[in-house]
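**Student:** Got a file for you: start_10.txt, compact mmCIF, C-alpha atoms.
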# COMPACT_ATOMS: atom_id res chain seq x y z
CA MET A 1 -37.43 23.14 45.07
CA LYS A 2 -35.54 24.28 41.97
CA ILE A 3 -37.66 26.57 39.77
CA LEU A 4 -36.93 28.08 36.37
CA VAL A 5 -38.94 31.20 35.48
CA VAL A 6 -39.11 31.94 31.74
CA ASP A 7 -40.61 35.22 30.54
CA ASP A 8 -39.57 37.71 27.87
CA ASN A 9 -40.66 40.48 30.25
CA LYS A 10 -37.58 40.78 32.47
CA SER A 11 -39.41 42.65 35.24
CA VAL A 12 -41.97 39.83 35.54
CA ALA A 13 -39.22 37.19 35.62
CA GLU A 14 -37.15 39.06 38.21
CA SER A 15 -40.19 39.83 40.39
CA LEU A 16 -41.19 36.16 40.41
CA LYS A 17 -37.61 35.18 41.22
CA ASP A 18 -37.53 37.53 44.21
CA ILE A 19 -40.88 36.28 45.50
CA LEU A 20 -40.02 32.59 45.06
CA GLN A 21 -36.59 32.91 46.66
CA HIS A 22 -38.29 34.32 49.76
CA GLY A 23 -40.21 31.04 49.81
CA ALA A 24 -36.87 29.19 50.17
CA HIS A 25 -36.75 28.02 46.55
CA PHE A 26 -33.71 28.00 44.28
CA VAL A 27 -34.67 30.10 41.25
CA GLN A 28 -33.13 30.99 37.91
CA THR A 29 -34.64 33.06 35.10
CA ALA A 30 -34.55 32.97 31.31
CA GLU A 31 -35.74 35.53 28.77
CA ASN A 32 -37.30 33.24 26.11
CA GLY A 33 -37.88 29.59 25.28
CA GLU A 34 -34.46 29.01 23.72
CA ASP A 35 -32.68 30.58 26.70
CA GLY A 36 -35.02 28.62 28.97
CA TYR A 37 -34.04 25.33 27.35
CA ARG A 38 -30.33 26.07 27.79
CA LYS A 39 -30.93 27.01 31.44
CA TYR A 40 -32.99 23.84 31.94
CA LEU A 41 -30.08 21.70 30.74
CA GLN A 42 -27.68 23.40 33.18
CA PHE A 43 -30.00 23.89 36.18
CA GLU A 44 -32.32 20.83 35.91
CA PRO A 45 -35.29 22.42 37.72
CA ASP A 46 -38.21 20.53 39.25
CA LEU A 47 -40.69 23.13 37.99
CA ILE A 48 -40.78 25.56 35.09
CA ILE A 49 -42.99 28.64 35.29
CA THR A 50 -43.20 29.89 31.73
CA ASP A 51 -44.97 32.52 29.71
CA ILE A 52 -46.68 31.01 26.68
CA GLU A 53 -46.10 33.73 24.10
CA MET A 54 -42.42 34.57 23.68
CA PRO A 55 -40.05 35.23 20.79
CA LEU A 56 -37.79 32.49 19.40
CA LYS A 57 -39.60 29.62 21.17
CA ASN A 58 -42.93 29.70 22.99
CA GLY A 59 -43.70 28.03 26.31
CA PHE A 60 -45.28 24.93 24.74
CA ALA A 61 -42.24 24.34 22.51
CA LEU A 62 -39.95 24.85 25.50
CA MET A 63 -41.80 22.25 27.56
CA HIS A 64 -41.87 19.83 24.63
CA ASP A 65 -38.07 20.03 24.41
CA VAL A 66 -37.65 19.75 28.20
CA ARG A 67 -39.95 16.73 28.39
CA SER A 68 -37.92 14.92 25.75
CA HIS A 69 -35.29 14.71 28.54
CA ASP A 70 -37.56 14.41 31.57
CA PRO A 71 -41.33 14.02 31.20
CA SER A 72 -41.84 14.47 34.95
CA VAL A 73 -40.88 18.18 34.93
CA LYS A 74 -43.89 20.17 36.09
CA ALA A 75 -45.08 23.33 34.34
CA ILE A 76 -47.05 26.41 35.26
CA TYR A 77 -48.04 28.32 32.13
CA MET A 78 -48.62 32.08 32.33
CA SER A 79 -50.49 34.22 29.84
CA GLY A 80 -52.75 37.21 29.64
CA ALA A 81 -54.76 35.31 27.03
CA LEU A 82 -55.15 31.76 28.32
CA GLU A 83 -58.49 31.43 26.52
CA PHE A 84 -56.62 31.26 23.19
CA PHE A 85 -54.66 28.18 24.26
CA GLY A 86 -57.43 26.01 25.69
CA SER A 87 -56.99 22.97 23.41
CA GLN A 88 -53.19 22.92 23.84
CA ILE A 89 -53.49 23.28 27.62
CA GLU A 90 -56.11 20.51 27.87
CA ALA A 91 -53.90 18.19 25.80
CA GLU A 92 -50.98 18.88 28.15
CA LYS A 93 -53.09 18.25 31.26
CA LYS A 94 -53.92 14.75 30.01
CA SER A 95 -50.27 13.70 30.11
CA TYR A 96 -48.38 16.07 32.42
CA THR A 97 -48.58 18.02 35.67
CA VAL A 98 -49.67 21.47 34.47
CA ASP A 99 -51.15 24.51 36.16
CA LEU A 100 -52.11 27.95 34.87
CA LEU A 101 -51.70 31.57 35.88
CA ASN A 102 -53.75 34.18 34.08
CA LYS A 103 -51.76 37.45 33.93
CA PRO A 104 -51.99 39.59 35.90
CA PHE A 105 -52.21 37.24 38.88
CA THR A 106 -52.09 37.70 42.63
CA LEU A 107 -49.55 36.32 45.09
CA GLN A 108 -52.28 34.05 46.42
CA GLU A 109 -52.84 32.62 42.92
CA LEU A 110 -49.10 32.10 42.49
CA TRP A 111 -48.76 30.25 45.82
CA HIS A 112 -51.85 28.15 45.02
CA ALA A 113 -50.40 27.10 41.64
CA LEU A 114 -47.06 26.35 43.27
CA THR A 115 -48.74 24.24 45.96
CA GLU A 116 -50.75 22.35 43.32
CA SER A 117 -47.63 21.61 41.31
CA GLN A 118 -45.92 20.12 44.38
CA GLY A 119 -48.83 17.86 45.23
Please, can you express the file's structure as structure tokens?
**Tutor:**
Amino acid sequence: MKILVVDDNKSVAESLKDILQHGAHFVQTAENGEDGYRKYLQFEPDLIITDIEMPLKNGFALMHDVRSHDPSVKAIYMSGALEFFGSQIEAEKKSYTVDLLNKPFTLQELWHALTESQG
């Protein structure tokens, strides 16, 4: 599976990349929503794991732009404050394949979200 990890915290993005590549996935990273959109256009991932709160373009805006090209792209949103985004997340879940990771999360939670997004 091709996965794009988008997070303005480079250590989080690189750690996720290392973990996911060990799971035999092809992974690229981006440092914000604008960079993520450019990488999406080049890489065409099956799944985007994105932080919600980022400079320049947040995770929701990124996925809106991506879905204008391909509405079937799956998303896993990450945040340390998911409770603040409940209505936006629920609206997304009605139309798209979406999962959530509350930061900090465990490897087990990551693999569970990844498995759910593939199903």
**Student:** Can you sort out the box for region 40-43 of chain A, edges along x, y and z, all listed atoms in, 3 Å on every side, with centre and edge lengths in Å to one decimal, as JSON?
**Tutor:**
{"center_x": -30.3, "center_y": 22.8, "center_z": 33.5, "size_x": 11.3, "size_y": 8.2, "size_z": 11.4}
**Student:** At a cut-off of 7 Å, using all atoms listed in the file, what residues contact Val5 (chain A)? Leave out same-chain residues fewer than 2 positions from it and give the result as a VMD selection string.
**Tutor:** chain A and resid 3 7 13 28 to 30 48 to 50
**Student:** Please provide as a ChimeraX atom specification all residues within 8 Å of Leu56 (chain A), with the sequence filter that same-chain residues fewer than 4 positions apart are discarded (counting only C-alpha atoms).
**Tutor:** /A:32-34
**Student:** Would you please work out which residue, of A:Ala75, A:Asp70, A:Gly80, A:Gln42, is nearest to Lys103 (chain A) when using only C-alpha atoms?
**Tutor:**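 Using only C-alpha atoms, Lys103 (chain A) sits closest to A:Gly80.
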**Student:** May I ask which of the residues A:Lys17, A:Tyr77, A:Asp99, A:Phe105 is the closest one to Ala61 (chain A), counting only C-alpha atoms?
**Tutor:**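 Under the stated criterion, the closest residue is A:Tyr77.
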**Student:** Using all atoms listed in the file, find the one residue out of A:Val27, A:Val6, A:Gln21, A:Leu110 that sits nearest to Phe60 (chain A).
**Tutor:**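 The answer is A:Val6, which sits nearest to Phe60 (chain A).
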**Student:** Tell me, as a PyMOL selection string, which residues lie within 8 Å of Lys2 (chain A), counting all atoms listed in the file; anything in the same chain fewer than 5 positions away does not count.
**Tutor:** chain A and resi 25-27+44-47
**Student:** I'd like the neighbourhood of Trp111 (chain A) as a PyMOL selection string, where a residue qualifies if any of its atoms comes within 12 Å (using all atoms listed in the file), though same-chain residues fewer than 2 positions away should be ignored.
**Tutor:** chain A and resi 16+19-20+22-23+76+99-101+105-109+113-118
**Student:** As an exercise, work out the distance from CA of Asp51 (chain A) to CA of Met78 (chain A) in Å and give it to one decimal place.
**Tutor:** 4.5 Å
**Student:** If you measure from CA of Gly36 (chain A) to CA of Phe84 (chain A), what distance in Å do you get, rounded to one decimal?
**Tutor:** 22.5 Å
**Student:** Reconstruct N, CA and C atoms of region 21-32 of chain A from the incomplete input and present them as a short mmCIF file (atom, residue, chain, number, x, y, z; two decimals), in the frame of the given file.
**Tutor:**
data_model
loop_
_atom_site.label_atom_id
_atom_site.label_comp_id
_atom_site.auth_asym_id
_atom_site.auth_seq_id
_atom_site.Cartn_x
_atom_site.Cartn_y
_atom_site.Cartn_z
N GLN A 21 -37.77 33.12 45.81
CA GLN A 21 -36.59 32.91 46.66
C GLN A 21 -36.93 33.18 48.13
N HIS A 22 -37.84 34.08 48.38
CA HIS A 22 -38.29 34.32 49.76
C HIS A 22 -39.03 33.11 50.31
N GLY A 23 -39.55 32.28 49.41
CA GLY A 23 -40.21 31.04 49.81
C GLY A 23 -39.24 29.89 49.91
N ALA A 24 -37.95 30.19 49.98
CA ALA A 24 -36.87 29.19 50.17
C ALA A 24 -36.71 28.27 48.96
N HIS A 25 -36.97 28.78 47.78
CA HIS A 25 -36.75 28.02 46.55
C HIS A 25 -35.48 28.51 45.87
N PHE A 26 -34.86 27.63 45.11
CA PHE A 26 -33.71 28.00 44.28
C PHE A 26 -34.28 28.37 42.91
N VAL A 27 -34.01 29.58 42.45
CA VAL A 27 -34.67 30.10 41.25
C VAL A 27 -33.65 30.67 40.28
N GLN A 28 -33.86 30.35 39.00
CA GLN A 28 -33.13 30.99 37.91
C GLN A 28 -34.16 31.52 36.92
N THR A 29 -33.74 32.49 36.09
CA THR A 29 -34.64 33.06 35.10
C THR A 29 -34.05 32.90 33.70
N ALA A 30 -34.94 32.99 32.72
CA ALA A 30 -34.55 32.97 31.31
C ALA A 30 -35.48 33.93 30.57
N GLU A 31 -34.99 34.47 29.45
CA GLU A 31 -35.74 35.53 28.77
C GLU A 31 -36.58 35.06 27.59
N ASN A 32 -36.46 33.80 27.18
CA ASN A 32 -37.30 33.24 26.11
C ASN A 32 -37.16 31.72 26.14
#
